[in-house]
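The block underneath contains the structure these notes are about, expressed in structure tokens.
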Amino acid sequence: MSPAAVIVERRLPRLLSGVGERSMVGLDDHVAVHGPLPDLRRVAPEQLIELVEAAGLRGHGGASFPVARKLRAVASRRGTAVVVANGAEGEPASKKDRALIRQAPHLVLDGAAVVARAVGAREAIVAVSSEDQKGLRSLDAALRQRRAARPRTDPKFELFEIEPRYLAGQESALVAALNGGSAAPTFGPRPFERGVRRRPTLVQNVETLAHVGLIARHGAAWFRQLGTPVDPGSALITLSGAVASPGVYEIDHGMPLSELLDAAGVRESPAAVLVGGYFGTWLPASVAYEVRLAAESLADYGATLGAGVIVVLGPEACPVAETSAVAGFFAAESAGQCGPCVNGLDAIASTVQQLATGTAGQAALSDLERWAHDLRRRGACQHPDGAIRFVTSALRAFAPEFRDHARRGPCDRCAGPAVLPAPIRARGQR
């Protein structure tokens, strides 16, 4: 699936402006499209934080946490801070961060420079999956250009290759890897308290930083010209599944999901739409064509945009087989640090597989409901909660299909190609 900037609103794109028209790796082309970044030496750190706060920017890595609040938390700590641009993108169905890193790297680096000034950091680490060699080359070229231009407001940038695993992008897991450990979630102080080399650390998703780079240029009022009062601005969406034009789209928060699906060309009447990625929620087709892509609208259906992933499940795909594959992926990607993750996710994955193959006992569905209730909020990190959300959402959205598989076993659609990628590594590979 090749990333493509698609204008679905006259006032868009923003982040993807110029992408596909010129080599955005080039610093001159970047400045020609977006304009120069203001001289950050002339702006007080607190002014930058207030600017981000006025814009209402939230994180685009999945948690949707207010960015200004994170900036203040880091800025208020003793010691020189470190900024980490999180481009790990462990979500298998997501390509948005990869598209941004490859095609608009300077916008990400601009945002990192702005937040570094805001929190008093002199260095910024850009973490990218070791699988994304194109992205690493793009960033390396962009950094060489910036060093040659000698911008006085840039922090000292460093590239870091992170192992390609689902949990690698979790804040504490990324910090652990940067400190020489395994990319697994850790317990104890949060990164803003004690992170990279025991210093206060701001970890921010690369799309979030790209938005900061534009807000610093154009202001909070400009940012709020799109979106809703609760969920302002635009967002990058990775759209895949049963659509004619899968790819990376930039949307206006509050845009009807139906408009995005129409723009991408839904091939047939979908069975359901996954919103928010693997920690997201399945919406029946009837709901999907009513919902708007904004926090307040999605919340009515127990959904969020999460990591900005939307997957359309067509009528030719088997939702039970898809759920079983992803449940197995969740179990395989466990950090192995707590019972709910190690034992709970294994039990859930095994039971879903038994339902898919028609070998489950009569209590299988009630067992899944009980485990989902008992395991919720008991994990050492958010991995069990996200897995439970995905599975329970599938059980609700595809209840007839699960009952049918439990009685009759695999259906004709089970042998079809997978819609949701679920790479399973050998057990023990951490």
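By order of appearance in the structure tokens: chains A, B, ..., then residues from 1 within every chain, and ligands from 1 in the order shown.
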Write out, as JSON lines, each residue of stretch 134-237 of chain A that has an atom at most 12 Å from stretch 288-305 of chain A, together with the closest pair of atoms and their distance in Å to one decimal, counting only C-alpha atoms, rows going by chain and rising number.
```
{"residue": "A:Leu226", "atom": "CA", "partner": "A:Ala294", "partner_atom": "CA", "distance": 11.2}
{"residue": "A:Gly227", "atom": "CA", "partner": "A:Ala294", "partner_atom": "CA", "distance": 7.6}
{"residue": "A:Thr228", "atom": "CA", "partner": "A:Ala294", "partner_atom": "CA", "distance": 7.3}
{"residue": "A:Pro229", "atom": "CA", "partner": "A:Glu296", "partner_atom": "CA", "distance": 9.7}
{"residue": "A:Val230", "atom": "CA", "partner": "A:Glu296", "partner_atom": "CA", "distance": 7.1}
{"residue": "A:Asp231", "atom": "CA", "partner": "A:Ala294", "partner_atom": "CA", "distance": 6.0}
{"residue": "A:Pro232", "atom": "CA", "partner": "A:Ala294", "partner_atom": "CA", "distance": 8.6}
{"residue": "A:Gly233", "atom": "CA", "partner": "A:Ala294", "partner_atom": "CA", "distance": 10.1}
{"residue": "A:Ser234", "atom": "CA", "partner": "A:Ala294", "partner_atom": "CA", "distance": 9.9}
{"residue": "A:Ala235", "atom": "CA", "partner": "A:Leu305", "partner_atom": "CA", "distance": 9.3}
{"residue": "A:Leu236", "atom": "CA", "partner": "A:Leu305", "partner_atom": "CA", "distance": 10.0}
{"residue": "A:Ile237", "atom": "CA", "partner": "A:Leu305", "partner_atom": "CA", "distance": 8.7}
```
Write out the residues from the selection above, keeping C-alpha atoms, as an mmCIF file, in the first residue's frame.
```cif
data_model
loop_
_atom_site.group_PDB
_atom_site.id
_atom_site.type_symbol
_atom_site.label_atom_id
_atom_site.label_comp_id
_atom_site.auth_asym_id
_atom_site.auth_seq_id
_atom_site.Cartn_x
_atom_site.Cartn_y
_atom_site.Cartn_z
ATOM 1 C CA LEU A 226 -10.410 22.636 11.087
ATOM 2 C CA GLY A 227 -11.967 20.070 13.367
ATOM 3 C CA THR A 228 -14.320 20.504 16.307
ATOM 4 C CA PRO A 229 -13.990 22.474 19.550
ATOM 5 C CA VAL A 230 -13.202 19.268 21.440
ATOM 6 C CA ASP A 231 -11.092 17.689 18.693
ATOM 7 C CA PRO A 232 -9.502 20.472 16.608
ATOM 8 C CA GLY A 233 -7.221 20.194 13.594
ATOM 9 C CA SER A 234 -6.575 17.441 11.112
ATOM 10 C CA ALA A 235 -5.317 13.864 11.373
ATOM 11 C CA LEU A 236 -3.591 11.275 9.246
ATOM 12 C CA ILE A 237 -5.562 8.091 8.669
#
```
Open item on the list: Applying 6 Å and only C-alpha atoms, which residues near A:Ser130 remain after dropping the ones on its own chain fewer than 5 positions away? List them as a PyMOL selection string.
Closed with: chain A and resi 161-163
Those same residues - C-alpha atoms - I'd like them written as a PDB file, in the first residue's frame.
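Output file part-v2.pdb is given in full below:
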```
ATOM      1  CA  GLU A 161      16.691   2.147  15.288  1.00  0.00           C
ATOM      2  CA  ILE A 162      14.086   0.439  17.462  1.00  0.00           C
ATOM      3  CA  GLU A 163      13.286  -3.265  17.197  1.00  0.00           C
TER       4      GLU A 163
END
```
Task: A:Ala99 environment, 10 Å, only C-alpha atoms, sequence neighbours closer than 2 positions dropped, as a PyMOL selection string - done: chain A and resi 2-5+16+19+94-97+101-105+134-135+207+236+238+247-248
Task: Nearest to A:Pro45, chosen from A:Ala148, A:Ala184, A:Val67, A:Val119, with only C-alpha atoms counted in the distances - done: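 Among the listed residues, A:Val119 lies closest to A:Pro45.
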Could you list, with a cut-off of 7 Å and counting only C-alpha atoms, the residues of stretch 204-301 of chain A near stretch 395-399 of chain A, each shown with its nearest atom pair and the distance in Å rounded to one decimal, rows sorted by chain and ascending number, as a Markdown table?
```
| residue | atom | partner | partner_atom | distance |
| --- | --- | --- | --- | --- |
| A:Trp282 | CA | A:Ala397 | CA | 6.4 |
| A:Leu283 | CA | A:Ala397 | CA | 6.9 |
| A:Pro284 | CA | A:Ala397 | CA | 6.2 |
```
Those residues you just picked out, can you put them in a file as a PDB file, in the first residue's frame with C-alpha atoms?
```pdb
ATOM      1  CA  TRP A 282     -15.522  -2.665  15.301  1.00  0.00           C
ATOM      2  CA  LEU A 283     -18.473  -0.610  14.108  1.00  0.00           C
ATOM      3  CA  PRO A 284     -21.319  -2.245  12.164  1.00  0.00           C
TER       4      PRO A 284
END
```
- [ ] Check the smallest atom-to-atom distance from each of A:Val206, A:Cys381, A:Ile251, A:Ala116 to A:Ala75 using only C-alpha atoms, then report the winner.
- [x]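 Of A:Val206, A:Cys381, A:Ile251, A:Ala116, the one nearest A:Ala75, counting only C-alpha atoms, is A:Ala116.
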List as a short mmCIF file (atom, residue, chain, number, x, y, z; two decimals) with N, CA and C atoms, in the first residue's frame the protein and nucleic acid residues near stretch 151-156 of chain A, meaning an atom at most 7 Å away when only C-alpha atoms are counted, but skip any in the same chain fewer than 6 places from it.
```cif
data_model
loop_
_atom_site.label_atom_id
_atom_site.label_comp_id
_atom_site.auth_asym_id
_atom_site.auth_seq_id
_atom_site.Cartn_x
_atom_site.Cartn_y
_atom_site.Cartn_z
N ASP A 39 12.11 32.03 14.52
CA ASP A 39 13.33 31.97 15.33
C ASP A 39 12.93 31.65 16.77
N LEU A 40 13.15 30.41 17.17
CA LEU A 40 12.69 29.96 18.48
C LEU A 40 13.43 30.64 19.62
N ARG A 41 14.59 31.21 19.35
CA ARG A 41 15.33 31.90 20.40
C ARG A 41 14.58 33.15 20.87
N ALA A 113 12.18 20.34 17.28
CA ALA A 113 12.93 21.53 17.69
C ALA A 113 12.08 22.46 18.55
N ALA A 116 11.56 20.88 21.99
CA ALA A 116 12.82 20.91 22.73
C ALA A 116 13.02 22.29 23.36
N ARG A 122 18.25 19.98 25.02
CA ARG A 122 19.30 20.30 24.06
C ARG A 122 19.54 19.16 23.07
N GLU A 123 18.84 18.06 23.28
CA GLU A 123 18.98 16.94 22.36
C GLU A 123 17.62 16.30 22.10
N ALA A 124 17.50 15.76 20.89
CA ALA A 124 16.26 15.08 20.49
C ALA A 124 16.63 13.80 19.76
#
```
- [ ] Write out as JSON, numbers by chain all residues of stretch 145-299 of chain A that backbone DSSP assigns to alpha helix (DSSP H).
- [x] {"A": [145, 146, 147, 148, 149, 171, 172, 173, 174, 175, 176, 177, 178, 206, 207, 208, 209, 210, 211, 212, 213, 214, 215, 216, 217, 218, 220, 221, 222, 223, 257, 258, 259, 260, 261, 262, 263, 264, 285, 286, 287, 288, 295, 296, 297, 298, 299]}
Any chance you could list, as a PDB file with C-alpha atoms, in the first residue's frame, the residues in stretch 56-98 of chain A that come up strand (DSSP E or B) when DSSP is run on the backbone?
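Listing of out_39.pdb after writing:
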```pdb
ATOM      1  CA  ARG A  58      -3.739  16.083  21.447  1.00  0.00           C
ATOM      2  CA  PRO A  66      -3.184  16.762  25.696  1.00  0.00           C
ATOM      3  CA  VAL A  82      15.467  14.940  26.475  1.00  0.00           C
ATOM      4  CA  VAL A  83      12.969  14.856  23.595  1.00  0.00           C
ATOM      5  CA  VAL A  84      12.099  11.559  21.895  1.00  0.00           C
ATOM      6  CA  ALA A  85      10.270  11.593  18.557  1.00  0.00           C
ATOM      7  CA  ASN A  86       8.380   8.311  18.517  1.00  0.00           C
ATOM      8  CA  GLY A  87       8.262   6.837  15.019  1.00  0.00           C
TER       9      GLY A  87
END
```
Task: Closest of A:Ile310, A:Phe279, A:Gln133, A:Gly111 to A:Ala264 - atom-to-atom distances counting only C-alpha atoms - done: A:Ile310
TODO: Tell me, as an NGL selection string, which residues lie within 8 Å of A:Asp110, counting only C-alpha atoms; anything in the same chain fewer than 5 positions away does not count.
DONE: :A and (37 or 209-210 or 212-213)
- [ ] Please identify all polymer residues within 12 Å of A:Arg165, counting only C-alpha atoms, omitting same-chain residues fewer than 3 positions from it, and present them as a VMD selection string.
- [x] chain A and resid 88 to 92 128 to 131 161 to 162 168 to 170 173 to 174 177 182 to 185 329 to 330 332 to 335 422 to 425 429 to 430
- [ ] Could you give me, as a VMD selection string, the residues within 8 Å of A:Ala327, counting only C-alpha atoms and dropping anything in the same chain fewer than 2 positions from it?
- [x] chain A and resid 323 to 325 329 to 331 345 348 to 349 352 387 391
Restrict the selected residues to N, CA and C atoms and save them as a short mmCIF file (atom, residue, chain, number, x, y, z; two decimals), in the first residue's frame.
```
data_model
loop_
_atom_site.label_atom_id
_atom_site.label_comp_id
_atom_site.auth_asym_id
_atom_site.auth_seq_id
_atom_site.Cartn_x
_atom_site.Cartn_y
_atom_site.Cartn_z
N THR A 323 -10.45 -12.21 13.64
CA THR A 323 -10.34 -12.01 15.08
C THR A 323 -9.39 -13.02 15.70
N SER A 324 -9.47 -14.27 15.25
CA SER A 324 -8.59 -15.31 15.78
C SER A 324 -7.13 -15.00 15.49
N ALA A 325 -6.83 -14.53 14.27
CA ALA A 325 -5.45 -14.22 13.91
C ALA A 325 -4.90 -13.08 14.75
N PHE A 329 -1.92 -12.84 17.58
CA PHE A 329 -0.87 -11.82 17.50
C PHE A 329 -0.69 -11.14 18.85
N PHE A 330 -1.79 -10.77 19.50
CA PHE A 330 -1.71 -10.13 20.81
C PHE A 330 -0.98 -11.03 21.81
N ALA A 331 -1.32 -12.31 21.82
CA ALA A 331 -0.69 -13.23 22.76
C ALA A 331 0.81 -13.36 22.47
N LEU A 345 -4.06 -13.53 27.89
CA LEU A 345 -4.13 -13.39 26.43
C LEU A 345 -3.94 -14.72 25.73
N ILE A 348 -7.35 -16.38 25.98
CA ILE A 348 -8.30 -15.74 25.06
C ILE A 348 -8.02 -16.16 23.62
N ALA A 349 -6.73 -16.12 23.22
CA ALA A 349 -6.38 -16.49 21.85
C ALA A 349 -6.74 -17.95 21.55
N VAL A 352 -10.64 -18.25 21.25
CA VAL A 352 -11.13 -17.69 20.00
C VAL A 352 -10.80 -18.63 18.83
N ALA A 387 -6.15 -5.51 23.83
CA ALA A 387 -6.52 -6.80 23.24
C ALA A 387 -7.95 -7.17 23.59
N VAL A 391 -11.18 -7.85 21.00
CA VAL A 391 -11.88 -9.14 20.96
C VAL A 391 -13.34 -8.97 21.37
#
```
Task: d(atom CA of A:Ile49, atom CA of A:Glu250) in Å - done: 24.9 Å
TODO: Determine the nearest neighbour of A:Gly219 from the options A:Gly56, A:Gly120, A:Pro421, A:Gly265, counting only C-alpha atoms.
DONE: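 With only C-alpha atoms as the atom set, the closest residue is A:Gly56.
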TODO: Select, from A:Gly59, A:Pro410, A:Pro319, A:Gly344, the residue with the minimum atom-to-atom distance to A:Pro384, counting only C-alpha atoms.
DONE: A:Gly344
